[in-house]
Structure formats: C-alpha cells, structure tokens
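Contents: one structure, followed by commentary.
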Amino acid sequence: MMKVTYLDYLLFGGYMLAMLLMGLYFSRKNTDTEQYFVGGRSFSGWIVGLSLVGTSISSVTFLAFPADAFKSTWLRFLPTFGLPIAALIAAIFVLPIYRRLNLTSAYEYLEHRFGPSIRVYGAVAFIVGQVFRLSIILYLVSLLMHEMTGWNLTLCIFLLGVFVAFYTIVGGIDAVIWTDVIQTVVLALGGLLCVAVIILKLPGGLGEILSVGFADHKLSFGEMQLDGSLKHVGWGLSLGSKTGTMMLMLGVVAYLTEYLGNQNTVQRYAASRSTSEARKAMFVCTAASIPIWAFYMFLGTALYVFFKAYPTPESIGMLTGELKPEQIMPYYIINYLPSGVTGLVISAAMAAAMSSLDSSINAISAVGVTDIYKRHLATGKSDRHYLKAAWVLATLSGVIMVAGALILAVVNAETLQHVASVIGSLLGAGLLGMYLLGFFTRRGDARAVWSGIICTLVFTSWTVISAQAPDFMPEWLTIPFDLYYTGMIGNLVMFVVGYGVSLLIPSKNEGRNLDSLTVWTGK
C-alpha cells in the first residue's frame, strides 16, 4: 500500500501553480465588463464545450458516481441520458433567442418577456442558491483533500478557497473557461489511471471486472436492497416509485433547467463567437460528459470487483453501510495508487470541484452587476465602475464561500447541507416552468408568473414539511408521491398556474411586441 509522497505533492503543486498562472495571464485582458463576463464573445465551440463539461462535472462525479456503483448499481446514471435530449431542445429552440438578444445574463430574458420584477426574482434566487452551493462544494472538496493529505481541514478550506477565488477574480471568464478545459482533461485522465491500476492488479484484468460485475448485477439499473438482493427497476410511469422512465424524465427536467435558465450555461452561450459555435459547444459537452460519467460509474464497479478480490475491513464497512461509500475513492487513492499517479488523481479530485467553484463565482458576479447593481442600484455609471463592482462582488462571493465552508467544518455539516438544499429547492422551484412559459407560449405577464411562483413555493413548502415533519400534518395531507419528483411537479405547477392565470386575467403584454422572445415569434 502506498502513501502520499513528495512526488505526489510536487505534481499536485505544479497543477495548482499552472491554474494560478493562467488566472494572472488572463487578468491583463480584463479592461471592461464585456471581456470580464463573456470574454469578448470570441470563444470557439470546442473550448466552450469542454468548459461546460468541467462546470457540470463536479465532486459528485468524482465521489458519488463511483460510490453508487461500488455499493449499489448504475441507477444514478440513468438521468444523464436526459442531457442529449435537453441539449437538442435548447440548441434548436432556445439558443437562437438568447443569441439574438445579445444577453450577458440568463435573467435579462425574464425582464424582456415578463418584466423587471421577475428578472430580479430569478437573479436573487440564483445568487442565494449559488452562495450555499459554493460553501458546500468547498467544504466537501476540502474534506476530501484533508482525508487524502492529512492536512488540517481549516487550512485546506482556506488554501483552496483563496486559491480558486483569486484566479477567478483576476482572470474573469477567460480564466474560468480555460482552467475548466484543463480541469476536464485532468478529471478524465485521473479516472483512466484509477481503472488502469485496478486492471493491472486484478488477476483476470478487464475480463474479471466485466464477468464479476455482470454476475453480481453491479452493471444493472436495479436497486440494491438492505439484504443485498437486487430489485429490478420497472419502466412504467409512476409518481410513487423510481422507474427507469421516471429517472430519464428527471434527467430531462434537470438538464432543461440547466440549459434554458442556468447562468453558468447561458453565460457560455454568450461567450461563444457565433450561434453555430455555441450550438457546437452544447454538442461537445454532451459527447464528452456522458462517456466521462459512464467511466466513473465503471470505476465504481471496478472498485467493487477489486475489493471483492482483495477485501479490507474498510471496504467491507463501506459495502455494509458501517462507513460512507463516498469514502471509497479517497481510500483507494491513498492506499493503492503508485507514487506519482496519486498526485495526478488528487489533482483530478481538486479539478472536479474547482471547475464548479470558479464558474459559480464568476456567474454570481455577472448576475449581481448586470441584473441588480447596474439595472437598479447604480444606473448610468461608467463601464470601469461596473468592472470594479464585478471584482468586489466576486471577492465577496469568495469570502462568503470560505466563511460558509468554515462554519460547516465546526457545526453539524449534514444538517446545514440539508437546510441549504431546502432553501435552494424553495427558491429555484418552478424556474424551468417559468422559462418554458416564456419561450414556448405567447401568454403571461408578471402577474401570471408571480401567481405561478407563489403556488410553486406553497407546493414545495408542503412537500418539505410533509417529508421532514410529518407529525405536523394530518395523514390526508401527506405527499402521495416520491420526493424525487418534487422538482418536476413543481415546474408543472409553475407552468400550469402561470398559463391558467394568463387565460383568466387579460395580460398586460397583449399587443406587446414579442419578436425574438418566443419560439413562435423569432426572426
């Protein structure tokens, strides 16, 4: 068994230094907000596509996917097949609208379509959700670094937080996109090296992984029960249980939300040099993401086969539930990878999180300046003023990120993460329904959308209270569906209520020019 060596530290340090130097290099280009937020709208589709991969693939890919396949099956992989469907819909119908409007923020569209109050709601919901997300991701990746290196957790939080915030603040979207490209490559290479070592150490190599995986149902889409038996997943339509079809639908909804109304993605549309290049980026992202996700699922299966051949008390504990299965990757990296390879894979683990952190910091800055500060708080200022405001907001985001992660390190982290998840689901509830109403209908104004928002908030609050505090609810008010489907149903509530109110109340938008705002009125 191997431990972290000076060679590993050298490789990891070299990777971090390269990211830092890229941020400093691109800082020379950031003389205005157009460059800082969208890179002068000059990027090729290949580069933007690979950066989208880095943004969408986070610590979940590196830790949760292998952990799921190791302990259970490939059920978590099913929703990823929603990505190509969502990307195709967005590329054909939505991308041209965003490009024609020449937007910087996804929420500018909401003002064009429904009015300024809806824009502010979307922007605030995004910022609050991203602030919680930043703290949680930084805490988790710092915890991973602490486990793999033995460094003090507080030190890991501070070093990683300051490091990511610095190169993002000074480098702007150019640094974010280019570092995300490098991080995507490092992440893919890290997974390949992990599997390669397993194949070399197993007597039967790749064939043993496949044969044992199939024999033990580890390559299936079933659900593992507590007694170790496999429950086959059906393919019907059901709100009361997880089925293959419903998991696919969840994936479509999740990725439609990301590709229609998520600032991290829409900002990449704006950074592309043309509509065709932006469309190419979406297809590059799809073509790269699914194989990488599949490979990390396969890595989990390979780890199961490896530790079946060479069991340890730790690996057995992760299979039985005594230990968290998410620990399997750090355990394997530190104890079984050869010197040098360990350093590269630790870099991959950091890359998985850093690519999400830098994108969110820059996106918060872009939304805060474009949708709130410039639009409502300080109108008519010079572009230099707004650029300085962007630096301040990005810095503030970094400070809050580090502070939040430090709080998570000293209190009940799981409870706080749960609270953050609830707040995020409440604020983000119905976002996709709002954009679907805007893009795919000619109906609706601010009153209709606010009606949908309020009803969706009530619905989401009901599901949260029913799930977390069932004693406060009479039995007839308990939710009759699996909590997995809350977001999907919430978006439906948003769309139906918004559309229904627009039928009942004469719209203030009647007679208004909707050119370039819907798929029916595009030019």
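The way I read the labels, and the way they are meant: chains A, B, ... in the order of the structure tokens, residue 1 as the first residue of every chain, and ligand 1 as the first ligand shown, with later ones counted on from there.
Secondary structure from DSSP on the backbone puts strand (DSSP E) at the following positions of region 42-278 of chain A: Glu223, Met224, Leu230 and Lys231 of chain A.
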Worksheet item: region 203-324 of chain A: which residues are helix (DSSP H, G or I) by DSSP, as an MDAnalysis selection string?
Response: chainID A and resid 205:215 244:261 263:271 275:309 313:320
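Here CA of Phe158 (chain A) is placed at a distance of 27.1 Å from CA of Leu337 (chain A).
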Worksheet item: From the list A:Phe166, A:Phe495, A:Trp178, A:Phe221, which residue is nearest Leu248 (chain A) when using only C-alpha atoms?
Response: A:Phe221
Can you pull out every residue within 12 Å of Thr257 (chain A), counting only C-alpha atoms, but drop anything in the same chain fewer than 6 positions away, and send it as a CSV table (one decimal) with N, CA and C atoms, in the first residue's frame?
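Writing done, so here's result.csv:
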chain,number,residue,atom,x,y,z
A,82,GLY,N,-30.8,12.2,-20.1
A,82,GLY,CA,-31.6,13.3,-20.4
A,82,GLY,C,-30.8,14.5,-20.9
A,83,LEU,N,-29.5,14.5,-20.8
A,83,LEU,CA,-28.7,15.6,-21.3
A,83,LEU,C,-28.8,15.8,-22.8
A,86,ALA,N,-32.2,17.3,-23.7
A,86,ALA,CA,-32.3,18.7,-23.3
A,86,ALA,C,-31.4,19.6,-24.1
A,87,ALA,N,-30.2,19.2,-24.4
A,87,ALA,CA,-29.3,20.0,-25.3
A,87,ALA,C,-29.8,20.2,-26.6
A,89,ILE,N,-33.1,20.2,-27.5
A,89,ILE,CA,-34.2,21.2,-27.5
A,89,ILE,C,-33.7,22.6,-27.3
A,90,ALA,N,-32.7,22.8,-26.4
A,90,ALA,CA,-32.1,24.1,-26.2
A,90,ALA,C,-31.4,24.6,-27.5
A,94,VAL,N,-34.1,27.4,-28.2
A,94,VAL,CA,-33.8,28.5,-27.2
A,94,VAL,C,-32.5,29.3,-27.5
A,106,ALA,N,-28.8,35.3,-18.0
A,106,ALA,CA,-30.0,34.5,-18.3
A,106,ALA,C,-31.2,35.2,-17.9
A,250,LEU,N,-36.6,12.7,-15.1
A,250,LEU,CA,-36.0,13.6,-14.1
A,250,LEU,C,-34.7,14.2,-14.7
A,251,GLY,N,-34.0,13.4,-15.5
A,251,GLY,CA,-32.8,13.9,-16.1
A,251,GLY,C,-33.1,15.0,-17.2
A,263,GLN,N,-27.4,30.4,-15.3
A,263,GLN,CA,-26.4,31.4,-15.7
A,263,GLN,C,-25.1,30.8,-16.1
A,264,ASN,N,-24.7,29.7,-15.4
A,264,ASN,CA,-23.4,29.1,-15.7
A,264,ASN,C,-23.3,28.6,-17.2
A,265,THR,N,-24.5,28.2,-17.7
A,265,THR,CA,-24.6,27.7,-19.0
A,265,THR,C,-24.9,28.8,-20.0
A,266,VAL,N,-25.8,29.7,-19.7
A,266,VAL,CA,-26.2,30.7,-20.6
A,266,VAL,C,-25.0,31.7,-20.8
A,428,GLY,N,-35.5,28.0,-6.1
A,428,GLY,CA,-35.3,27.6,-7.5
A,428,GLY,C,-36.6,26.8,-8.0
A,429,ALA,N,-37.5,26.6,-7.2
A,429,ALA,CA,-38.7,25.9,-7.6
A,429,ALA,C,-39.4,26.6,-8.8
A,430,GLY,N,-39.8,25.8,-9.8
A,430,GLY,CA,-40.5,26.3,-10.9
A,430,GLY,C,-39.8,27.1,-11.9
A,431,LEU,N,-38.4,27.2,-11.8
A,431,LEU,CA,-37.6,28.0,-12.7
A,431,LEU,C,-37.8,27.6,-14.1
A,432,LEU,N,-37.7,26.3,-14.3
A,432,LEU,CA,-37.9,25.7,-15.7
A,432,LEU,C,-39.3,26.0,-16.2
A,433,GLY,N,-40.3,25.9,-15.4
A,433,GLY,CA,-41.7,26.2,-15.8
A,433,GLY,C,-41.8,27.6,-16.3
A,434,MET,N,-41.1,28.5,-15.6
A,434,MET,CA,-41.1,29.9,-15.9
A,434,MET,C,-40.5,30.2,-17.3
A,435,TYR,N,-39.4,29.5,-17.6
A,435,TYR,CA,-38.8,29.7,-18.9
A,435,TYR,C,-39.5,29.0,-20.0
A,436,LEU,N,-40.2,27.9,-19.7
A,436,LEU,CA,-41.0,27.2,-20.7
A,436,LEU,C,-42.2,28.1,-21.1
A,487,GLY,N,-39.3,18.5,-7.8
A,487,GLY,CA,-38.9,19.5,-8.7
A,487,GLY,C,-39.7,19.4,-10.0
A,488,MET,N,-39.9,18.2,-10.5
A,488,MET,CA,-40.6,18.0,-11.8
A,488,MET,C,-42.0,18.5,-11.7
A,491,ASN,N,-42.3,22.4,-11.4
A,491,ASN,CA,-42.2,23.1,-12.6
A,491,ASN,C,-43.5,23.0,-13.4
Discussion item. Residues near region 7-14 of chain A, anyone? I mean within 10 Å using only C-alpha atoms, not counting same-chain ones fewer than 3 positions away, as an MDAnalysis selection string.
Written reply: chainID A and resid 3:4 17:20 149 338:348 350
Take the selection from the previous step and output its residues with all heavy atoms, as a short mmCIF file (atom, residue, chain, number, x, y, z; two decimals), in the first residue's frame.
data_model
loop_
_atom_site.label_atom_id
_atom_site.label_comp_id
_atom_site.auth_asym_id
_atom_site.auth_seq_id
_atom_site.Cartn_x
_atom_site.Cartn_y
_atom_site.Cartn_z
N LYS A 3 1.46 5.60 0.18
CA LYS A 3 1.02 6.83 0.82
C LYS A 3 1.43 8.00 -0.06
O LYS A 3 2.16 7.85 -1.04
CB LYS A 3 1.65 6.96 2.21
CG LYS A 3 1.23 5.85 3.17
CD LYS A 3 -0.26 5.91 3.48
CE LYS A 3 -0.66 4.80 4.46
NZ LYS A 3 -2.11 4.80 4.73
N VAL A 4 0.94 9.21 0.28
CA VAL A 4 1.28 10.40 -0.49
C VAL A 4 2.77 10.70 -0.30
O VAL A 4 3.27 10.76 0.82
CB VAL A 4 0.44 11.59 -0.04
CG1 VAL A 4 0.81 12.84 -0.82
CG2 VAL A 4 -1.05 11.29 -0.20
N LEU A 17 -0.20 25.53 -9.41
CA LEU A 17 0.56 26.69 -9.90
C LEU A 17 0.14 27.03 -11.33
O LEU A 17 0.02 28.22 -11.68
CB LEU A 17 2.05 26.39 -9.83
CG LEU A 17 2.98 27.50 -10.35
CD1 LEU A 17 2.80 28.78 -9.51
CD2 LEU A 17 4.43 27.05 -10.33
N ALA A 18 -0.09 26.02 -12.16
CA ALA A 18 -0.50 26.26 -13.55
C ALA A 18 -1.84 26.99 -13.59
O ALA A 18 -2.04 27.91 -14.39
CB ALA A 18 -0.59 24.94 -14.31
N MET A 19 -2.79 26.60 -12.72
CA MET A 19 -4.08 27.27 -12.67
C MET A 19 -3.91 28.73 -12.25
O MET A 19 -4.55 29.64 -12.81
CB MET A 19 -5.02 26.56 -11.68
CG MET A 19 -5.34 25.11 -12.02
SD MET A 19 -6.24 24.89 -13.58
CE MET A 19 -4.89 24.38 -14.66
N LEU A 20 -3.04 28.97 -11.28
CA LEU A 20 -2.80 30.32 -10.78
C LEU A 20 -2.20 31.20 -11.87
O LEU A 20 -2.62 32.35 -12.07
CB LEU A 20 -1.88 30.27 -9.57
CG LEU A 20 -1.53 31.61 -8.92
CD1 LEU A 20 -2.79 32.26 -8.35
CD2 LEU A 20 -0.49 31.41 -7.83
N THR A 149 -4.53 14.02 2.24
CA THR A 149 -3.20 14.56 2.54
C THR A 149 -2.89 14.59 4.03
O THR A 149 -1.71 14.65 4.41
CB THR A 149 -3.07 16.00 2.01
OG1 THR A 149 -4.00 16.85 2.69
CG2 THR A 149 -3.33 16.05 0.51
N PRO A 338 0.16 3.99 -7.15
CA PRO A 338 1.61 4.19 -7.04
C PRO A 338 1.98 5.67 -6.96
O PRO A 338 1.20 6.55 -7.37
CB PRO A 338 2.16 3.55 -8.32
CG PRO A 338 1.03 3.55 -9.27
CD PRO A 338 -0.21 3.41 -8.45
N SER A 339 3.15 5.94 -6.44
CA SER A 339 3.64 7.31 -6.31
C SER A 339 3.64 8.00 -7.66
O SER A 339 4.00 7.43 -8.67
CB SER A 339 5.06 7.29 -5.74
OG SER A 339 5.58 8.59 -5.63
N GLY A 340 3.24 9.23 -7.70
CA GLY A 340 3.13 9.97 -8.95
C GLY A 340 1.71 9.92 -9.48
O GLY A 340 1.09 10.96 -9.73
N VAL A 341 1.18 8.72 -9.61
CA VAL A 341 -0.21 8.57 -10.04
C VAL A 341 -1.14 9.16 -8.97
O VAL A 341 -2.15 9.82 -9.28
CB VAL A 341 -0.55 7.09 -10.29
CG1 VAL A 341 -2.05 6.92 -10.59
CG2 VAL A 341 0.27 6.55 -11.45
N THR A 342 -0.81 8.96 -7.70
CA THR A 342 -1.61 9.52 -6.60
C THR A 342 -1.72 11.03 -6.73
O THR A 342 -2.81 11.61 -6.58
CB THR A 342 -0.99 9.16 -5.24
OG1 THR A 342 -0.95 7.73 -5.11
CG2 THR A 342 -1.81 9.75 -4.10
N GLY A 343 -0.60 11.70 -7.02
CA GLY A 343 -0.61 13.15 -7.17
C GLY A 343 -1.50 13.62 -8.30
O GLY A 343 -2.22 14.61 -8.17
N LEU A 344 -1.48 12.89 -9.42
CA LEU A 344 -2.32 13.25 -10.56
C LEU A 344 -3.81 13.06 -10.23
O LEU A 344 -4.65 13.88 -10.62
CB LEU A 344 -1.93 12.42 -11.78
CG LEU A 344 -0.60 12.78 -12.45
CD1 LEU A 344 -0.25 11.75 -13.51
CD2 LEU A 344 -0.67 14.17 -13.06
N VAL A 345 -4.12 11.98 -9.52
CA VAL A 345 -5.52 11.72 -9.20
C VAL A 345 -6.03 12.68 -8.14
O VAL A 345 -7.20 13.11 -8.17
CB VAL A 345 -5.70 10.25 -8.76
CG1 VAL A 345 -7.14 9.99 -8.34
CG2 VAL A 345 -5.32 9.31 -9.89
N ILE A 346 -5.18 13.08 -7.18
CA ILE A 346 -5.58 14.12 -6.23
C ILE A 346 -5.87 15.41 -6.99
O ILE A 346 -6.84 16.12 -6.69
CB ILE A 346 -4.48 14.34 -5.17
CG1 ILE A 346 -4.39 13.14 -4.23
CG2 ILE A 346 -4.77 15.61 -4.36
CD1 ILE A 346 -3.27 13.23 -3.21
N SER A 347 -5.05 15.71 -8.00
CA SER A 347 -5.31 16.89 -8.84
C SER A 347 -6.66 16.77 -9.53
O SER A 347 -7.40 17.75 -9.66
CB SER A 347 -4.19 17.04 -9.88
OG SER A 347 -2.94 17.24 -9.26
N ALA A 348 -6.99 15.55 -9.98
CA ALA A 348 -8.29 15.33 -10.63
C ALA A 348 -9.43 15.58 -9.65
O ALA A 348 -10.47 16.15 -10.01
CB ALA A 348 -8.37 13.91 -11.18
N MET A 350 -9.39 17.60 -7.09
CA MET A 350 -9.50 19.05 -6.91
C MET A 350 -10.13 19.70 -8.14
O MET A 350 -10.94 20.63 -8.03
CB MET A 350 -8.12 19.66 -6.66
CG MET A 350 -7.41 19.16 -5.40
SD MET A 350 -8.34 19.43 -3.89
CE MET A 350 -8.89 17.74 -3.54
#
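Counting from CA of Lys280 (chain A), the distance to CA of Gly45 (chain A) is 5.0 Å.
Straight-line separation from CA of Glu326 (chain A) to CA of Ala64 (chain A): 5.9 Å.
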Contact check, region 241-300 of chain A to region 65-73 of chain A, at most 12 Å, counting only C-alpha atoms, closest pairs as CSV:
residue,atom,partner,partner_atom,distance
A:Ile292,CA,A:Phe65,CA,10.6
A:Trp293,CA,A:Phe65,CA,7.5
A:Ala294,CA,A:Phe65,CA,8.8
A:Phe295,CA,A:Pro66,CA,9.1
A:Tyr296,CA,A:Pro66,CA,5.6
A:Met297,CA,A:Pro66,CA,5.1
A:Phe298,CA,A:Ala69,CA,7.2
A:Leu299,CA,A:Pro66,CA,5.8
A:Gly300,CA,A:Pro66,CA,3.7
Generate the output file for the selected residues, N, CA and C atoms, as a short mmCIF file (atom, residue, chain, number, x, y, z; two decimals), in the first residue's frame.
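Final file, part.cif:
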data_model
loop_
_atom_site.label_atom_id
_atom_site.label_comp_id
_atom_site.auth_asym_id
_atom_site.auth_seq_id
_atom_site.Cartn_x
_atom_site.Cartn_y
_atom_site.Cartn_z
N ILE A 292 -17.63 10.38 -19.79
CA ILE A 292 -16.90 10.59 -18.53
C ILE A 292 -17.73 10.10 -17.35
N TRP A 293 -19.02 10.43 -17.34
CA TRP A 293 -19.90 9.94 -16.27
C TRP A 293 -19.93 8.41 -16.27
N ALA A 294 -20.06 7.81 -17.46
CA ALA A 294 -20.10 6.35 -17.57
C ALA A 294 -18.80 5.74 -17.07
N PHE A 295 -17.70 6.40 -17.38
CA PHE A 295 -16.40 5.86 -16.97
C PHE A 295 -16.26 5.88 -15.45
N TYR A 296 -16.75 6.94 -14.81
CA TYR A 296 -16.65 6.99 -13.35
C TYR A 296 -17.63 6.01 -12.68
N MET A 297 -18.75 5.71 -13.32
CA MET A 297 -19.60 4.63 -12.84
C MET A 297 -18.88 3.29 -12.97
N PHE A 298 -18.23 3.09 -14.12
CA PHE A 298 -17.48 1.85 -14.33
C PHE A 298 -16.35 1.73 -13.32
N LEU A 299 -15.74 2.85 -12.95
CA LEU A 299 -14.69 2.84 -11.94
C LEU A 299 -15.24 2.31 -10.61
N GLY A 300 -16.47 2.69 -10.27
CA GLY A 300 -17.08 2.17 -9.05
C GLY A 300 -17.27 0.66 -9.11
#
Worksheet entry | For Gly190 (chain A), the nearest of the candidates A:Tyr499, A:Phe62, A:Pro291, A:Ala390, counting only C-alpha atoms |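 Looking only at the distances to Gly190 (chain A), the closest residue turns out to be A:Phe62.
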Worksheet item: Hey, what's within 9 Å of region 454-456 of chain A if we count only C-alpha atoms and toss same-chain stuff fewer than 3 positions away? As an MDAnalysis selection string, please?
Response: chainID A and resid 426 429:430 449:451 459:461 490:494 497
Selected residues written out with C-alpha atoms, as a compact mmCIF listing (two decimals), in the first residue's frame:
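Everything below was put into part19.txt:
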# COMPACT_ATOMS: atom_id res chain seq x y z
CA LEU A 426 -37.64 26.57 -2.48
CA ALA A 429 -38.73 25.90 -7.59
CA GLY A 430 -40.53 26.34 -10.88
CA VAL A 449 -45.71 34.45 -13.34
CA TRP A 450 -45.90 35.70 -9.75
CA SER A 451 -49.06 33.64 -9.29
CA PHE A 459 -46.35 23.33 -3.14
CA THR A 460 -42.63 22.94 -2.43
CA SER A 461 -43.06 24.03 1.20
CA GLY A 490 -43.16 21.99 -9.13
CA ASN A 491 -42.21 23.08 -12.63
CA LEU A 492 -45.52 21.73 -13.90
CA VAL A 493 -47.36 23.73 -11.21
CA MET A 494 -45.48 26.88 -12.25
CA VAL A 497 -50.77 28.20 -12.95
